$ cat my_file06.csv   # CSV, C-alpha atoms and all ligand atoms
chain,number,residue,atom,x,y,z
A,211,MET,CA,-15.0,2.0,11.3
A,212,LYS,CA,-12.8,-0.9,12.4
A,213,PHE,CA,-9.3,-1.5,11.0
A,214,GLY,CA,-7.5,-4.9,11.0
A,215,VAL,CA,-3.7,-5.1,10.7
A,216,VAL,CA,-2.5,-8.6,9.6
A,217,VAL,CA,0.5,-10.0,11.3
A,218,PHE,CA,2.6,-12.5,9.4
A,219,PRO,CA,5.8,-14.1,10.8
A,220,GLY,CA,8.4,-11.4,9.8
A,221,SER,CA,6.0,-8.4,9.6
A,222,ASN,CA,7.8,-5.4,11.1
A,223,CYS,CA,5.5,-2.5,10.3
A,224,ASP,CA,2.4,-4.0,12.0
A,225,ALA,CA,2.8,-2.0,15.2
A,226,ASP,CA,3.5,1.3,13.3
A,227,CYS,CA,0.4,0.7,11.1
A,228,LEU,CA,-1.8,0.0,14.1
A,229,HIS,CA,-0.6,3.1,15.9
A,230,ALA,CA,-0.8,5.3,12.9
A,231,VAL,CA,-4.3,4.3,11.9
A,232,LYS,CA,-5.6,4.6,15.4
A,233,THR,CA,-4.0,7.9,16.1
A,234,VAL,CA,-5.0,9.5,12.8
A,235,THR,CA,-8.5,8.3,12.5
A,236,GLY,CA,-9.4,7.8,16.2
A,237,GLN,CA,-11.1,4.6,15.2
A,238,PRO,CA,-10.6,1.1,16.7
A,239,ALA,CA,-7.9,-1.1,15.2
A,240,GLU,CA,-6.8,-4.7,16.0
A,241,TYR,CA,-4.1,-7.1,14.9
A,242,ILE,CA,-5.3,-10.1,12.9
A,243,TRP,CA,-3.0,-13.2,13.3
A,244,HIS,CA,-1.9,-14.8,10.0
A,245,LYS,CA,-3.5,-18.1,11.1
A,246,SER,CA,-6.9,-16.5,11.5
A,247,GLY,CA,-9.6,-18.0,9.3
A,248,SER,CA,-11.8,-14.9,9.4
A,249,VAL,CA,-11.8,-11.1,9.0
A,250,GLU,CA,-15.3,-10.7,10.1
A,251,GLY,CA,-16.2,-7.4,11.9
A,252,PHE,CA,-13.4,-5.4,10.1
A,253,ASP,CA,-14.1,-2.7,7.6
A,254,CYS,CA,-10.6,-2.2,6.3
A,255,ILE,CA,-7.7,-4.6,6.2
A,256,ILE,CA,-4.1,-3.5,6.2
A,257,LEU,CA,-1.3,-5.8,5.1
A,258,PRO,CA,1.8,-4.2,6.6
A,259,GLY,CA,5.4,-4.0,5.5
A,260,GLY,CA,8.2,-6.3,6.6
A,261,PHE,CA,9.9,-9.5,5.7
A,262,SER,CA,7.1,-12.0,5.9
A,263,TYR,CA,8.5,-15.6,6.0
A,264,GLY,CA,12.0,-14.1,5.7
A,265,ASP,CA,11.3,-13.0,2.1
A,266,TYR,CA,12.1,-16.6,1.1
A,267,LEU,CA,11.4,-17.6,-2.5
A,268,ARG,CA,10.2,-14.0,-3.3
A,269,CYS,CA,8.9,-11.3,-1.1
A,270,GLY,CA,5.2,-12.1,-0.2
A,271,ALA,CA,5.2,-15.4,-2.1
A,272,VAL,CA,4.8,-17.5,1.1
A,273,ALA,CA,2.6,-15.1,3.0
A,274,ARG,CA,0.2,-15.2,0.2
A,275,PHE,CA,-0.7,-18.8,1.3
A,276,SER,CA,-1.2,-17.9,4.9
A,277,PRO,CA,-4.7,-19.0,6.2
A,278,VAL,CA,-5.8,-15.4,6.7
A,279,MET,CA,-5.4,-14.7,3.0
A,280,THR,CA,-8.4,-16.9,2.1
A,281,PRO,CA,-10.9,-14.5,4.0
A,282,VAL,CA,-8.8,-11.5,2.9
A,283,ILE,CA,-9.2,-12.4,-0.8
A,284,GLU,CA,-13.0,-13.1,-0.3
A,285,PHE,CA,-13.4,-9.7,1.6
A,286,ALA,CA,-11.6,-7.9,-1.3
A,287,LYS,CA,-13.6,-9.6,-3.9
A,288,LYS,CA,-16.8,-8.5,-2.2
A,289,GLY,CA,-15.6,-4.8,-2.3
A,290,GLY,CA,-13.9,-4.7,1.1
A,291,LEU,CA,-11.2,-2.1,1.6
A,292,VAL,CA,-7.7,-3.5,1.6
A,293,ILE,CA,-4.3,-1.7,1.7
A,294,GLY,CA,-1.0,-3.4,1.2
A,295,ILE,CA,2.0,-1.4,2.2
A,296,CYS,CA,5.4,-2.4,0.9
A,297,ASN,CA,5.6,-6.1,1.7
A,298,GLY,CA,1.8,-5.9,1.9
A,299,PHE,CA,1.8,-4.7,-1.8
A,300,GLN,CA,4.1,-7.6,-2.7
A,301,VAL,CA,1.6,-10.0,-1.0
A,302,LEU,CA,-1.3,-8.5,-2.9
A,303,THR,CA,0.4,-9.0,-6.3
A,304,GLU,CA,1.4,-12.6,-5.3
A,305,ALA,CA,-2.3,-13.2,-4.3
A,306,GLY,CA,-3.5,-12.0,-7.6
A,307,LEU,CA,-5.5,-9.1,-6.0
A,308,LEU,CA,-3.4,-6.6,-7.9
A,309,PRO,CA,-1.7,-7.1,-11.3
A,310,GLY,CA,2.0,-7.1,-12.0
A,311,ALA,CA,4.9,-7.9,-9.7
A,312,LEU,CA,7.6,-6.2,-7.7
A,313,HIS,CA,11.1,-7.1,-8.9
A,314,ARG,CA,14.5,-6.3,-7.2
A,315,ASN,CA,15.4,-2.6,-7.3
A,316,LYS,CA,17.2,-1.7,-10.4
A,317,GLU,CA,20.5,-1.1,-8.5
A,318,LEU,CA,20.0,-4.3,-6.5
A,319,GLN,CA,20.2,-2.4,-3.3
A,320,PHE,CA,17.9,-1.9,-0.4
A,321,LEU,CA,16.6,1.7,-0.5
A,322,CYS,CA,15.6,3.6,2.6
A,323,HIS,CA,14.9,7.3,2.1
A,324,ASP,CA,12.2,9.8,1.5
A,325,VAL,CA,10.6,10.1,-2.0
A,326,PHE,CA,8.0,12.4,-3.5
A,327,LEU,CA,4.8,11.0,-4.8
A,328,ARG,CA,2.2,12.5,-7.1
A,329,VAL,CA,-1.4,11.6,-6.4
A,330,GLU,CA,-2.7,10.5,-9.8
A,331,ASN,CA,-6.2,9.5,-8.8
A,332,ALA,CA,-7.9,11.4,-6.0
A,333,SER,CA,-11.3,9.8,-6.3
A,334,LEU,CA,-10.6,6.6,-4.4
A,335,PRO,CA,-11.4,5.7,-0.8
A,336,PHE,CA,-7.7,5.9,-0.1
A,337,THR,CA,-7.1,9.4,-1.6
A,338,CYS,CA,-10.5,11.2,-1.6
A,339,THR,CA,-9.2,14.0,0.7
A,340,ALA,CA,-6.3,14.7,-1.7
A,341,ARG,CA,-6.1,16.9,-4.7
A,342,GLU,CA,-5.3,15.3,-8.0
A,343,GLY,CA,-1.6,16.1,-8.8
A,344,GLU,CA,-0.9,16.8,-5.1
A,345,VAL,CA,2.7,16.0,-4.1
A,346,ILE,CA,3.5,14.2,-0.9
A,347,LYS,CA,6.7,13.1,0.8
A,348,VAL,CA,6.8,9.6,2.1
A,349,PRO,CA,9.7,7.2,2.9
A,350,ILE,CA,10.5,4.0,1.1
A,351,ALA,CA,12.3,1.0,2.6
A,352,HIS,CA,12.6,-1.9,0.3
A,353,GLY,CA,14.8,-4.2,-1.7
A,354,GLU,CA,12.1,-5.3,-4.2
A,355,GLY,CA,10.0,-2.4,-5.2
A,356,ASN,CA,10.6,-2.3,-8.9
A,357,TYR,CA,7.1,-2.5,-10.3
A,358,PHE,CA,6.8,-4.6,-13.4
A,359,ALA,CA,3.8,-5.4,-15.6
A,360,ASP,CA,3.5,-6.3,-19.3
A,361,ALA,CA,2.7,-3.5,-21.8
A,362,GLU,CA,-0.9,-4.4,-22.1
A,363,THR,CA,-1.4,-4.4,-18.3
A,364,LEU,CA,0.4,-1.1,-18.0
A,365,GLN,CA,-1.9,0.4,-20.7
A,366,GLN,CA,-5.0,-0.9,-18.8
A,367,LEU,CA,-3.7,0.5,-15.5
A,368,GLU,CA,-3.2,3.9,-17.1
A,369,GLU,CA,-6.5,4.0,-19.0
A,370,ASN,CA,-8.5,2.9,-15.9
A,371,LYS,CA,-6.7,5.4,-13.7
A,372,GLN,CA,-5.4,2.5,-11.5
A,373,VAL,CA,-2.1,4.2,-11.1
A,374,VAL,CA,-2.6,5.9,-7.7
A,375,PHE,CA,0.9,7.2,-6.9
A,376,ARG,CA,3.8,8.0,-9.1
A,377,TYR,CA,7.4,8.8,-8.1
A,378,CYS,CA,8.2,12.4,-9.0
A,379,ASP,CA,10.3,15.4,-7.8
A,380,ALA,CA,9.3,18.0,-5.2
A,381,GLN,CA,7.5,20.0,-7.9
A,382,GLY,CA,5.5,16.9,-9.2
A,383,GLU,CA,7.6,16.4,-12.3
A,384,VAL,CA,8.1,12.8,-13.4
A,385,THR,CA,11.7,12.6,-14.7
A,386,PRO,CA,14.0,9.6,-15.1
A,387,GLU,CA,16.2,10.8,-12.1
A,388,VAL,CA,13.3,10.4,-9.6
A,389,ASN,CA,12.5,6.8,-10.2
A,390,PRO,CA,14.3,5.2,-7.2
A,391,ASN,CA,13.9,1.5,-8.0
A,392,GLY,CA,13.3,1.4,-11.8
A,393,SER,CA,9.5,0.9,-11.6
A,394,ALA,CA,7.6,0.8,-14.9
A,395,ASN,CA,5.9,4.2,-15.6
A,396,HIS,CA,7.3,5.5,-12.2
A,397,ILE,CA,4.6,3.5,-10.4
A,398,ALA,CA,4.7,3.7,-6.6
A,399,GLY,CA,1.1,2.5,-6.0
A,400,ILE,CA,-1.8,1.0,-7.9
A,401,CYS,CA,-5.4,-0.1,-7.2
A,402,ASN,CA,-7.5,-2.8,-8.6
A,403,GLN,CA,-10.2,-2.1,-11.2
A,404,GLN,CA,-12.9,-1.7,-8.6
A,405,GLY,CA,-10.8,0.7,-6.6
A,406,ASN,CA,-11.2,-1.0,-3.3
A,407,VAL,CA,-7.7,-2.6,-3.1
A,408,LEU,CA,-4.6,-0.4,-2.9
A,409,GLY,CA,-0.9,-1.5,-3.0
A,410,MET,CA,1.9,1.0,-2.4
A,411,MET,CA,5.6,0.6,-1.8
A,412,PRO,CA,6.2,3.8,0.3
A,413,HIS,CA,5.2,3.8,4.0
A,414,PRO,CA,2.5,6.3,4.9
A,415,GLU,CA,2.4,5.0,8.5
A,416,ARG,CA,6.0,6.2,9.0
A,417,CYS,CA,5.0,9.8,8.3
A,418,ALA,CA,1.7,10.2,10.0
A,419,GLU,CA,2.4,12.4,13.0
A,420,LYS,CA,4.1,15.7,13.9
A,421,ASP,CA,6.7,14.1,16.1
A,422,LEU,CA,8.1,12.3,13.1
A,423,GLY,CA,8.6,15.5,11.3
A,424,ASN,CA,6.2,14.7,8.4
A,425,THR,CA,2.4,14.2,8.4
A,426,ASP,CA,1.9,13.6,4.7
A,427,GLY,CA,1.0,9.9,5.2
A,428,GLN,CA,-2.1,11.0,7.1
A,429,LEU,CA,-3.8,11.6,3.8
A,430,ILE,CA,-4.4,7.9,3.2
A,431,PHE,CA,-5.9,7.2,6.7
A,432,LYS,CA,-7.9,10.4,6.7
A,433,SER,CA,-9.3,9.6,3.3
A,434,LEU,CA,-10.4,6.2,4.4
A,435,LEU,CA,-12.3,7.6,7.3
A,436,ASP,CA,-13.8,10.4,5.2
A,437,PHE,CA,-15.0,7.9,2.6
A,438,TRP,CA,-16.4,5.6,5.3
A,439,GLN,CA,-18.3,8.4,7.1
A,440,ARG,CA,-19.8,9.7,3.8
A,441,ARG,CA,-20.8,6.2,2.8
A,442,CYS,CA,-22.3,5.2,6.1
A,443,GLY,CA,-23.3,8.6,7.4
B,1,LIG,N1,9.6,-2.6,4.3
B,1,LIG,C1,9.2,-3.6,3.6
B,1,LIG,O1,8.0,-4.0,3.7
B,1,LIG,C2,10.2,-4.4,2.8
B,1,LIG,C3,9.6,-5.4,1.9
B,1,LIG,C4,10.5,-6.4,1.4
B,1,LIG,N2,11.1,-7.2,2.5
B,1,LIG,C5,11.6,-5.8,0.5
B,1,LIG,O2,12.7,-5.6,1.0
B,1,LIG,O3,11.3,-5.4,-0.6
$ encode --input "my_file06.csv" --output "structure tokens" --more "lines below"
Ligand SMILES: NC(=O)CC[C@H](N)C(=O)O
Amino acid sequence: MKFGVVVFPGSNCDADCLHAVKTVTGQPAEYIWHKSGSVEGFDCIILPGGFSYGDYLRCGAVARFSPVMTPVIEFAKKGGLVIGICNGFQVLTEAGLLPGALHRNKELQFLCHDVFLRVENASLPFTCTAREGEVIKVPIAHGEGNYFADAETLQQLEENKQVVFRYCDAQGEVTPEVNPNGSANHIAGICNQQGNVLGMMPHPERCAEKDLGNTDGQLIFKSLLDFWQRRCG
């Protein structure tokens, strides 16, 4: 299984993503430059976090028009596995691969701390090694992570089990105090209807090895490998 990590001007989690995915899965991973016109040969594309194009206009709004996004969109539409983490999630909503938008955090401040997430759908390529309702601790680091979608879209997301991660407390309870950025329905991560595109604001690559004091983020990378091996094995 080969992973590709897209590098936009202003990406700053690309190296962490490449390191985490290689270390956790033991699989090959390479950078994909934003000017690339192809994603051929890759089995999973990661759009990493950062400040692509300086967050000008809106986070992800310029990156969405990078040349690489044409093959990424095509790849996703054919069922290819795509994960957008933080700025990558913002790029995916701007590109129309995921519904809704990420607004400024409710307190209008950049937030950088651990949060607890409840796994709401454990039957996806990104979560298949998890247990539904499992609680994981993962750091957030964003200024615009306040997930917004209209009522109809939110209803569809809930009905189709497209809400993948929800902000919760350490026990898995979803209460108003544990919604760091004001996201609708406490949404921290969603997938598309087909389940092959995931966007999430928290950073699993920042908590994927023992030396960092937290390995909860491994779940996503391990699930991808498990899914791939079962599908191709
Ligand atoms: N870590 C990130 O990817 C940050 C995303 C974006 N620049 C924001 O502040 O919301």
$ residues_near_ligand --input "my_file06.csv" --ligand "ligand LIG 1 (chain B)" --cutoff "9 Å" --atoms "all atoms listed in the file" --output "ChimeraX atom specification"
/A:220-223,258-262,264-265,268-270,295-300,312-315,320-322,350-356,411-413
$ closest_residue --input "my_file06.csv" --among "A:Asp324, A:Glu415, A:Asp426, A:Asp421" --to "Asp226 in chain A" --atoms "all atoms listed in the file"
A:Glu415
$ atom_distance --input "my_file06.csv" --atom1 "CA of Cys401 in chain A" --atom2 "CA of Leu364 in chain A"
12.3 Å
$ closest_residue --input "my_file06.csv" --among "A:Ala332, A:Val278, A:Val216, A:Ile397" --to "Lys245 in chain A" --atoms "all atoms listed in the file"
A:Val278
$ residues_near_point --input "my_file06.csv" --point "(-5.9, -7.4, 18.0)" --cutoff "12 Å" --atoms "all atoms listed in the file" --output "list in words"
Lys212, Phe213, Gly214, Val215, Val216, Val217, Asp224, Ala225, Leu228, His229, Pro238, Ala239, Glu240, Tyr241, Ile242, Trp243, His244, Ser246, Val249, Gly251 and Phe252 of chain A
$ closest_residue --input "my_file06.csv" --among "A:Gly236, A:Gly382, A:Gly290, A:Pro277" --to "Phe218 in chain A" --atoms "all atoms listed in the file"
A:Pro277
$ residues_around --input "my_file06.csv" --residues "Arg416 in chain A" --least-positions-apart "2" --cutoff "9 Å" --atoms "all atoms listed in the file" --output "tab-separated table (two decimals) with C-alpha atoms, in the frame of the given file"
chain	number	residue	atom	x	y	z
A	223	CYS	CA	5.50	-2.50	10.30
A	226	ASP	CA	3.50	1.30	13.30
A	227	CYS	CA	0.40	0.70	11.10
A	230	ALA	CA	-0.80	5.30	12.90
A	348	VAL	CA	6.80	9.60	2.10
A	349	PRO	CA	9.70	7.20	2.90
A	413	HIS	CA	5.20	3.80	4.00
A	414	PRO	CA	2.50	6.30	4.90
A	418	ALA	CA	1.70	10.20	10.00
A	419	GLU	CA	2.40	12.40	13.00
A	422	LEU	CA	8.10	12.30	13.10
A	424	ASN	CA	6.20	14.70	8.40
A	425	THR	CA	2.40	14.20	8.40
A	427	GLY	CA	1.00	9.90	5.20
$ atom_distance --input "my_file06.csv" --atom1 "CA of Lys432 in chain A" --atom2 "CA of Ile293 in chain A"
13.6 Å
$ closest_residue --input "my_file06.csv" --among "A:Glu383, A:Pro219, A:Phe358, A:Lys371" --to "Lys316 in chain A" --atoms "all atoms listed in the file"
A:Phe358
$ atom_distance --input "my_file06.csv" --atom1 "CA of Ile430 in chain A" --atom2 "CA of Gln365 in chain A"
25.2 Å
$ closest_residue --input "my_file06.csv" --among "A:Gln366, A:Thr280, A:Asn331, A:Asn389" --to "Gly247 in chain A" --atoms "only C-alpha atoms"
A:Thr280
$ closest_residue --input "my_file06.csv" --among "A:Glu362, A:Gly409, A:Ala394, A:His323" --to "Glu304 in chain A" --atoms "only C-alpha atoms"
A:Gly409
$ closest_atom_pairs --input "my_file06.csv" --of "range 370-422 of chain A" --to "range 338-345 of chain A" --cutoff "9 Å" --atoms "all atoms listed in the file" --output "CSV"
residue,atom,partner,partner_atom,distance
A:Cys378,CA,A:Val345,CA,8.2
A:Asp379,CA,A:Val345,CA,8.5
A:Ala380,CA,A:Val345,CA,7.0
A:Gln381,CA,A:Val345,CA,7.3
A:Gly382,CA,A:Val345,CA,5.9
$ write_last_selection --input "my_file06.csv" --atoms "C-alpha atoms" --output "short mmCIF file (atom, residue, chain, number, x, y, z; two decimals), in the coordinates of the input"
data_model
loop_
_atom_site.label_atom_id
_atom_site.label_comp_id
_atom_site.auth_asym_id
_atom_site.auth_seq_id
_atom_site.Cartn_x
_atom_site.Cartn_y
_atom_site.Cartn_z
CA CYS A 378 8.20 12.40 -9.00
CA ASP A 379 10.30 15.40 -7.80
CA ALA A 380 9.30 18.00 -5.20
CA GLN A 381 7.50 20.00 -7.90
CA GLY A 382 5.50 16.90 -9.20
#
$ axis_aligned_box --input "my_file06.csv" --around "range 290-293 of chain A" --padding-each-side "6 Å" --output "lines of an AutoDock Vina configuration file"
center_x = -9.1
center_y = -3.2
center_z = 1.4
size_x = 21.6
size_y = 15.0
size_z = 12.6
$ decode --input "my_file06.csv" --residues "range 328-360 of chain A" --atoms "N, CA and C atoms" --output "compact mmCIF listing (two decimals), in the first residue's frame"
# COMPACT_ATOMS: atom_id res chain seq x y z
N ARG A 328 -15.06 10.72 20.13
CA ARG A 328 -15.76 9.44 20.16
C ARG A 328 -15.88 8.93 18.73
N VAL A 329 -15.50 7.68 18.52
CA VAL A 329 -15.59 7.09 17.19
C VAL A 329 -17.06 6.73 16.95
N GLU A 330 -17.68 7.39 16.00
CA GLU A 330 -19.11 7.21 15.76
C GLU A 330 -19.41 6.17 14.69
N ASN A 331 -18.43 5.92 13.83
CA ASN A 331 -18.61 4.94 12.77
C ASN A 331 -17.31 4.15 12.66
N ALA A 332 -17.36 2.90 13.06
CA ALA A 332 -16.13 2.08 13.08
C ALA A 332 -16.12 1.07 11.94
N SER A 333 -16.93 1.32 10.91
CA SER A 333 -16.93 0.36 9.79
C SER A 333 -16.36 0.98 8.53
N LEU A 334 -15.49 1.97 8.71
CA LEU A 334 -14.90 2.66 7.56
C LEU A 334 -13.44 2.22 7.39
N PRO A 335 -12.87 2.43 6.19
CA PRO A 335 -11.45 2.09 6.01
C PRO A 335 -10.55 2.82 7.02
N PHE A 336 -11.02 3.97 7.52
CA PHE A 336 -10.21 4.80 8.43
C PHE A 336 -10.37 4.42 9.90
N THR A 337 -11.37 3.61 10.20
CA THR A 337 -11.69 3.33 11.61
C THR A 337 -11.97 1.85 11.89
N CYS A 338 -11.70 0.97 10.90
CA CYS A 338 -12.17 -0.42 11.04
C CYS A 338 -11.49 -1.20 12.17
N THR A 339 -10.38 -0.67 12.73
CA THR A 339 -9.77 -1.39 13.87
C THR A 339 -10.28 -0.83 15.20
N ALA A 340 -11.18 0.15 15.13
CA ALA A 340 -11.73 0.74 16.36
C ALA A 340 -13.01 0.04 16.76
N ARG A 341 -13.48 0.39 17.94
CA ARG A 341 -14.77 -0.09 18.44
C ARG A 341 -15.70 1.11 18.38
N GLU A 342 -16.93 0.89 17.96
CA GLU A 342 -17.87 2.02 17.92
C GLU A 342 -18.05 2.55 19.35
N GLY A 343 -17.96 3.85 19.51
CA GLY A 343 -18.07 4.45 20.84
C GLY A 343 -16.73 4.58 21.55
N GLU A 344 -15.67 4.03 20.95
CA GLU A 344 -14.33 4.14 21.55
C GLU A 344 -13.94 5.61 21.67
N VAL A 345 -13.26 5.95 22.76
CA VAL A 345 -12.84 7.34 22.98
C VAL A 345 -11.33 7.43 22.79
N ILE A 346 -10.89 8.37 21.98
CA ILE A 346 -9.45 8.57 21.78
C ILE A 346 -9.09 10.02 22.09
N LYS A 347 -7.82 10.22 22.47
CA LYS A 347 -7.34 11.57 22.76
C LYS A 347 -6.42 12.01 21.63
N VAL A 348 -6.73 13.14 21.01
CA VAL A 348 -5.98 13.61 19.85
C VAL A 348 -5.87 15.14 19.94
N PRO A 349 -4.72 15.72 19.59
CA PRO A 349 -4.63 17.19 19.68
C PRO A 349 -5.30 17.92 18.52
N ILE A 350 -5.82 19.10 18.82
CA ILE A 350 -6.29 20.01 17.77
C ILE A 350 -5.33 21.19 17.70
N ALA A 351 -5.29 21.86 16.56
CA ALA A 351 -4.46 23.06 16.38
C ALA A 351 -5.02 23.83 15.20
N HIS A 352 -6.03 24.65 15.47
CA HIS A 352 -6.65 25.37 14.36
C HIS A 352 -7.35 26.65 14.79
N GLY A 353 -7.52 27.52 13.81
CA GLY A 353 -8.28 28.75 14.04
C GLY A 353 -9.67 28.66 13.42
N GLU A 354 -9.80 27.77 12.44
CA GLU A 354 -11.09 27.64 11.73
C GLU A 354 -11.52 26.18 11.69
N GLY A 355 -12.07 25.73 12.81
CA GLY A 355 -12.46 24.33 12.88
C GLY A 355 -13.91 24.13 13.26
N ASN A 356 -14.63 25.22 13.19
CA ASN A 356 -16.04 25.26 13.62
C ASN A 356 -16.91 24.73 12.48
N TYR A 357 -17.20 23.42 12.53
CA TYR A 357 -17.90 22.79 11.41
C TYR A 357 -19.33 23.32 11.28
N PHE A 358 -19.66 23.72 10.06
CA PHE A 358 -21.00 24.23 9.78
C PHE A 358 -21.59 23.51 8.57
N ALA A 359 -22.88 23.17 8.68
CA ALA A 359 -23.64 22.69 7.51
C ALA A 359 -25.10 23.02 7.80
N ASP A 360 -25.90 23.16 6.74
CA ASP A 360 -27.31 23.48 6.98
C ASP A 360 -28.01 22.27 7.60
